[in-house]
There are 2 protein chains.
Amino acid sequence: MPNQPHRTRAALVQAALDTLKTEGFSGTTARAIAGRAGVNQALVFYHFGGVESLLLAALDATAAARLERYRTAMAAATDTAERIATARRLYREDVEGGHVTVISELLAASLARPQLRAELLTRMAPWIELVAAVLDDVAGDSPLSETIPLADVASALVALYLGLNLLSRLDPANAQAESLFDLMERVAPLLDGPSTS
Amino acid sequence: MPNQPHRTRAALVQAALDTLKTEGFSGTTARAIAGRAGVNQALVFYHFGGVESLLLAALDATAAARLERYRTAMAAATDTAERIATARRLYREDVEGGHVTVISELLAASLARPQLRAELLTRMAPWIELVAAVLDDVAGDSPLSETIPLADVASALVALYLGLNLLSRLDPANAQAESLFDLMERVAPLLDGPSTS
DNA sequence: GTCTATACTTGGATAGAC
DNA sequence: GTCTATCCAAGTATAGAC
């Protein structure tokens, strides 16, 4: 009884994500993924050609959904305070859902894998663009947008996001990120205030 | 001709660092380390009890030297501009020398290793304290120190540092970090200016 | 076209030789 | 105290059964 191919593929993609989130990159082997998916280990190679390709397919699947979620949530926010509150909500979702963990583990593993590194480079771009677009909205017509290179700040914010997620492993309560959002919420009115004429 | 034990141990520690920097965590096996050190693979277990313990010993060795370097370099800086210039210099050293890579790889791997996670938690504390101390000097007698929780900002800066290093793998030129330091140098006078009465 | 069985390689760890 | 020989577990990948 041959299984429907797309079902096996989907199960492997989901299992790959779950394994990466709970076992880390070094624990994400063809056997571990297949075991979680309930299929034979060799199917990883048949359907995806190898573990690395499967992981990239899994990243693409989760990143597309996540990007869409970010875009709609951020579009609904109209001022800086709301954008920060939204960012906090999204950050919590990411930590709980392990969405950022997937990219962190792959980035860490890309050190010794030039191919993986190249693939990840392409896939980081839309995130940095998304943050840059939000920053552009925040800066709005204020003089900030002229004097500060938004693209660089966007990269830095993405780096901060990754770093916070990495550090959050050591502290399950994740107090740093929460109090950082508190701080940003206190600073937010200073950004909106002057430009609201 | 029995080797002096401390020579073998030192060779393993150095080889462990080099392997972690070039092969990443998943490539840092007892065999890879021992091969690089030019000793038998079983000595990793004899001298350190296992790969993970060796890696922690290696981290301790490099972190102690690195912390000392940071402390003396930062102590020599007297105003905010100098501190930022020093931070830029230290950051470049870290990227080139792979010092942060060691901790990034271990943090990424700690996801599925509770013991490693606990050990790393202890070892991150002095770095956050160091940054907090520098921030305290920067804030000085300005009102900033009252309104902004320095400990949280210190954690965030450490996270940013880790994240920048992680992203720098994708872009060898590492333009983000450099232009971020540019930005900070332009903002620095605003911090020093008002409080210099 | 899909999957199973199996071959081969690499890694962790230790018993015992020197 | 140091290292070799060796075992066992786990990983990748493919040849061939269905």
# chains A, B, ... in the order shown; residues from 1 in each chain; ligands from 1

$ residues_around --residues "segment 85-94 of chain B" --least-positions-apart "5" --cutoff "8 Å" --atoms "only C-alpha atoms (C1' of nucleotides)" --output "tab-separated table (two decimals) with C-alpha atoms, in the first residue's frame"
chain	number	residue	atom	x	y	z
B	70	TYR	CA	38.36	43.40	27.29
B	73	ALA	CA	41.20	47.73	26.83
B	74	MET	CA	38.01	49.23	28.22
B	77	ALA	CA	39.12	54.33	27.31
B	99	HIS	CA	36.32	33.96	19.77
B	100	VAL	CA	32.57	34.61	19.68
B	178	GLU	CA	30.88	48.19	10.79
B	181	PHE	CA	29.70	51.18	14.87
B	185	GLU	CA	30.22	56.96	16.84

$ residues_around --residues "segment 53-67 of chain A" --least-positions-apart "6" --cutoff "8 Å" --atoms "only C-alpha atoms (C1' of nucleotides)" --output "list in words"
Leu12, Val13, Gln14, Ala16, Leu17, Val44, His99, Val102, Ile103, Glu119 and Trp127 of chain A

$ write_last_selection --atoms "all heavy atoms" --output "compact mmCIF listing (two decimals), in the first residue's frame"
# COMPACT_ATOMS: atom_id res chain seq x y z
N LEU A 12 7.57 14.42 6.71
CA LEU A 12 9.02 14.60 6.89
C LEU A 12 9.35 16.07 7.15
O LEU A 12 10.19 16.38 8.01
CB LEU A 12 9.77 14.11 5.65
CG LEU A 12 9.94 12.59 5.57
CD1 LEU A 12 10.51 12.18 4.21
CD2 LEU A 12 10.84 12.08 6.69
N VAL A 13 8.70 16.97 6.44
CA VAL A 13 8.96 18.40 6.63
C VAL A 13 8.60 18.81 8.06
O VAL A 13 9.38 19.47 8.75
CB VAL A 13 8.17 19.24 5.60
CG1 VAL A 13 8.11 20.70 6.02
CG2 VAL A 13 8.80 19.10 4.22
N GLN A 14 7.42 18.39 8.50
CA GLN A 14 6.99 18.74 9.86
C GLN A 14 7.93 18.12 10.90
O GLN A 14 8.33 18.77 11.87
CB GLN A 14 5.55 18.27 10.09
CG GLN A 14 4.96 18.74 11.41
CD GLN A 14 5.04 20.25 11.58
OE1 GLN A 14 4.62 21.00 10.72
NE2 GLN A 14 5.62 20.71 12.68
N ALA A 16 11.01 17.28 10.50
CA ALA A 16 12.32 17.95 10.44
C ALA A 16 12.31 19.20 11.32
O ALA A 16 13.25 19.45 12.08
CB ALA A 16 12.66 18.31 9.00
N LEU A 17 11.23 19.97 11.23
CA LEU A 17 11.12 21.19 12.04
C LEU A 17 11.11 20.85 13.52
O LEU A 17 11.84 21.46 14.32
CB LEU A 17 9.84 21.95 11.67
CG LEU A 17 9.86 22.68 10.33
CD1 LEU A 17 8.50 23.28 10.03
CD2 LEU A 17 10.93 23.77 10.32
N VAL A 44 14.07 10.00 3.52
CA VAL A 44 14.65 11.34 3.54
C VAL A 44 15.50 11.54 2.28
O VAL A 44 15.43 12.59 1.63
CB VAL A 44 15.53 11.54 4.80
CG1 VAL A 44 16.35 12.83 4.70
CG2 VAL A 44 14.66 11.56 6.05
N HIS A 99 10.27 29.15 16.26
CA HIS A 99 10.47 29.52 14.86
C HIS A 99 11.87 30.09 14.62
O HIS A 99 12.50 29.80 13.61
CB HIS A 99 9.41 30.54 14.44
CG HIS A 99 8.02 30.07 14.64
ND1 HIS A 99 7.51 28.99 13.97
CD2 HIS A 99 7.03 30.49 15.47
CE1 HIS A 99 6.24 28.79 14.35
NE2 HIS A 99 5.94 29.68 15.27
N VAL A 102 14.86 27.49 14.66
CA VAL A 102 15.15 26.82 13.39
C VAL A 102 16.24 27.56 12.63
O VAL A 102 17.23 26.96 12.19
CB VAL A 102 13.86 26.71 12.53
CG1 VAL A 102 14.19 26.23 11.13
CG2 VAL A 102 12.86 25.78 13.18
N ILE A 103 16.09 28.86 12.51
CA ILE A 103 17.07 29.63 11.74
C ILE A 103 18.40 29.73 12.51
O ILE A 103 19.47 29.66 11.91
CB ILE A 103 16.52 31.02 11.34
CG1 ILE A 103 17.46 31.71 10.34
CG2 ILE A 103 16.31 31.92 12.51
CD1 ILE A 103 17.22 31.33 8.93
N GLU A 119 22.54 29.40 0.78
CA GLU A 119 21.09 29.28 0.77
C GLU A 119 20.47 30.16 1.85
O GLU A 119 19.42 30.78 1.64
CB GLU A 119 20.67 27.82 1.00
CG GLU A 119 21.17 26.83 -0.04
CD GLU A 119 20.39 26.91 -1.35
OE1 GLU A 119 19.38 27.64 -1.39
OE2 GLU A 119 20.81 26.26 -2.33
N TRP A 127 13.52 39.13 5.46
CA TRP A 127 13.31 39.54 6.86
C TRP A 127 13.90 40.92 7.12
O TRP A 127 13.28 41.76 7.78
CB TRP A 127 13.92 38.50 7.81
CG TRP A 127 13.14 37.23 7.83
CD1 TRP A 127 13.45 36.07 7.18
CD2 TRP A 127 11.89 37.00 8.49
NE1 TRP A 127 12.47 35.13 7.41
CE2 TRP A 127 11.50 35.67 8.21
CE3 TRP A 127 11.06 37.78 9.29
CZ2 TRP A 127 10.33 35.12 8.71
CZ3 TRP A 127 9.89 37.22 9.79
CH2 TRP A 127 9.53 35.91 9.50

$ residues_around --residues "segment 3-7 of chain D" --least-positions-apart "5" --cutoff "10 Å" --atoms "only C-alpha atoms (C1' of nucleotides)" --output "number ranges by chain"
B: 2, 39-43; C: 13-18

$ closest_residue --among "A:Ala156, A:Leu150, A:Leu191, A:Leu121" --to "Pro172 of chain B" --atoms "only C-alpha atoms"
A:Leu121

$ atom_distance --atom1 "atom CA of Ala132 of chain B" --atom2 "atom CA of Ala151 of chain B"
5.7 Å

$ closest_atom_pairs --of "chain A" --to "chain B" --cutoff "6 Å" --atoms "only C-alpha atoms" --output "tab-separated table"
residue	atom	partner	partner_atom	distance
A:Glu23	CA	B:Ala112	CA	5.0
A:Gly24	CA	B:Ala112	CA	5.8
A:Ser26	CA	B:Ser26	CA	5.3
A:Glu105	CA	B:Ala108	CA	5.9
A:Ala108	CA	B:Glu105	CA	5.9
A:Leu111	CA	B:Gly24	CA	5.9
A:Ala112	CA	B:Glu23	CA	5.0
A:Leu121	CA	B:Leu170	CA	5.6
A:Asp152	CA	B:Gln176	CA	5.7
A:Ala159	CA	B:Gly163	CA	4.1
A:Leu160	CA	B:Leu160	CA	4.2
A:Leu162	CA	B:Gly163	CA	5.3
A:Gly163	CA	B:Ala159	CA	4.1
A:Leu164	CA	B:Ala159	CA	5.1
A:Leu170	CA	B:Leu121	CA	5.6
A:Gln176	CA	B:Asp152	CA	5.7

$ write_last_selection --atoms "N, CA and C atoms" --output "JSON list (two decimals), in the first residue's frame"
[["chain", "number", "residue", "atom", "x", "y", "z"],
["A", 23, "GLU", "N", 15.95, 18.84, 19.24],
["A", 23, "GLU", "CA", 17.22, 18.11, 19.33],
["A", 23, "GLU", "C", 18.41, 18.95, 18.89],
["A", 24, "GLY", "N", 18.15, 20.10, 18.29],
["A", 24, "GLY", "CA", 19.24, 20.91, 17.76],
["A", 24, "GLY", "C", 19.79, 20.32, 16.47],
["A", 26, "SER", "N", 22.74, 19.15, 15.58],
["A", 26, "SER", "CA", 23.55, 17.93, 15.62],
["A", 26, "SER", "C", 22.70, 16.70, 15.93],
["A", 105, "GLU", "N", 19.73, 27.54, 14.58],
["A", 105, "GLU", "CA", 20.45, 26.27, 14.48],
["A", 105, "GLU", "C", 21.09, 26.13, 13.10],
["A", 108, "ALA", "N", 24.07, 28.51, 12.81],
["A", 108, "ALA", "CA", 25.22, 27.98, 13.55],
["A", 108, "ALA", "C", 25.88, 26.85, 12.76],
["A", 111, "LEU", "N", 28.35, 27.37, 9.47],
["A", 111, "LEU", "CA", 29.77, 27.73, 9.61],
["A", 111, "LEU", "C", 30.66, 26.85, 8.73],
["A", 112, "ALA", "N", 30.42, 25.56, 8.77],
["A", 112, "ALA", "CA", 31.30, 24.63, 8.04],
["A", 112, "ALA", "C", 30.64, 24.09, 6.78],
["A", 121, "LEU", "N", 21.72, 32.91, 3.12],
["A", 121, "LEU", "CA", 21.89, 34.32, 2.76],
["A", 121, "LEU", "C", 20.67, 34.82, 2.00],
["A", 152, "ASP", "N", 20.85, 49.62, 7.87],
["A", 152, "ASP", "CA", 21.81, 49.10, 8.85],
["A", 152, "ASP", "C", 21.13, 48.82, 10.18],
["A", 159, "ALA", "N", 19.73, 40.98, 13.97],
["A", 159, "ALA", "CA", 20.81, 40.36, 14.76],
["A", 159, "ALA", "C", 20.42, 40.30, 16.23],
["A", 160, "LEU", "N", 19.87, 41.41, 16.74],
["A", 160, "LEU", "CA", 19.43, 41.46, 18.14],
["A", 160, "LEU", "C", 18.39, 40.38, 18.42],
["A", 162, "LEU", "N", 17.92, 37.54, 16.83],
["A", 162, "LEU", "CA", 18.58, 36.22, 16.85],
["A", 162, "LEU", "C", 19.35, 36.02, 18.15],
["A", 163, "GLY", "N", 20.07, 37.05, 18.56],
["A", 163, "GLY", "CA", 20.88, 36.95, 19.77],
["A", 163, "GLY", "C", 20.02, 36.77, 21.02],
["A", 164, "LEU", "N", 18.92, 37.52, 21.10],
["A", 164, "LEU", "CA", 18.02, 37.39, 22.24],
["A", 164, "LEU", "C", 17.47, 35.97, 22.31],
["A", 170, "LEU", "N", 19.24, 30.10, 27.87],
["A", 170, "LEU", "CA", 19.87, 29.98, 29.18],
["A", 170, "LEU", "C", 18.89, 30.38, 30.27],
["A", 176, "GLN", "N", 15.24, 39.17, 29.85],
["A", 176, "GLN", "CA", 15.93, 40.25, 29.11],
["A", 176, "GLN", "C", 15.05, 40.82, 28.02]]

$ interface_residues --of "chain A" --to "chain D" --cutoff "9 Å" --atoms "only C-alpha atoms (C1' of nucleotides)" --output "list in words"
Thr29, Ala30, Arg31, Ala42, Phe45 and Gly50 of chain A

$ write_last_selection --atoms "N, CA, C and O atoms" --output "short mmCIF file (atom, residue, chain, number, x, y, z; two decimals), in the first residue's frame"
data_model
loop_
_atom_site.label_atom_id
_atom_site.label_comp_id
_atom_site.auth_asym_id
_atom_site.auth_seq_id
_atom_site.Cartn_x
_atom_site.Cartn_y
_atom_site.Cartn_z
N THR A 29 19.19 14.15 12.59
CA THR A 29 19.72 13.19 11.63
C THR A 29 18.56 12.61 10.83
O THR A 29 17.39 12.75 11.21
N ALA A 30 18.90 11.96 9.73
CA ALA A 30 17.86 11.34 8.91
C ALA A 30 17.04 10.35 9.74
O ALA A 30 15.82 10.29 9.63
N ARG A 31 17.73 9.61 10.60
CA ARG A 31 17.03 8.62 11.43
C ARG A 31 16.08 9.29 12.43
O ARG A 31 14.95 8.84 12.62
N ALA A 42 15.25 5.92 4.99
CA ALA A 42 15.78 6.11 3.63
C ALA A 42 14.92 7.09 2.81
O ALA A 42 15.39 7.64 1.80
N PHE A 45 16.24 10.52 1.92
CA PHE A 45 17.13 10.62 0.76
C PHE A 45 16.33 10.50 -0.54
O PHE A 45 16.62 11.17 -1.52
N GLY A 50 18.68 14.35 0.71
CA GLY A 50 19.60 14.40 1.84
C GLY A 50 19.02 15.22 2.97
O GLY A 50 17.97 15.85 2.81
#

$ select_by_dssp --residues "chain B" --states "helix (DSSP H, G or I)" --output "number ranges by chain"
B: 5-23, 25-27, 30-37, 43-48, 51-76, 80-97, 99-112, 114-139, 144-147, 150-168, 175-195

$ closest_atom_pairs --of "chain C" --to "chain A" --cutoff "10 Å" --atoms "only C-alpha atoms (C1' of nucleotides)" --output "JSON lines"
{"residue": "C:DG1", "atom": "C1'", "partner": "A:Pro2", "partner_atom": "CA", "distance": 8.9}
{"residue": "C:DT2", "atom": "C1'", "partner": "A:Pro2", "partner_atom": "CA", "distance": 6.0}
{"residue": "C:DC3", "atom": "C1'", "partner": "A:Leu43", "partner_atom": "CA", "distance": 7.3}
{"residue": "C:DT4", "atom": "C1'", "partner": "A:Asn40", "partner_atom": "CA", "distance": 7.8}

$ atom_distance --atom1 "atom CA of Asp18 of chain B" --atom2 "atom CA of Val51 of chain A"
25.8 Å
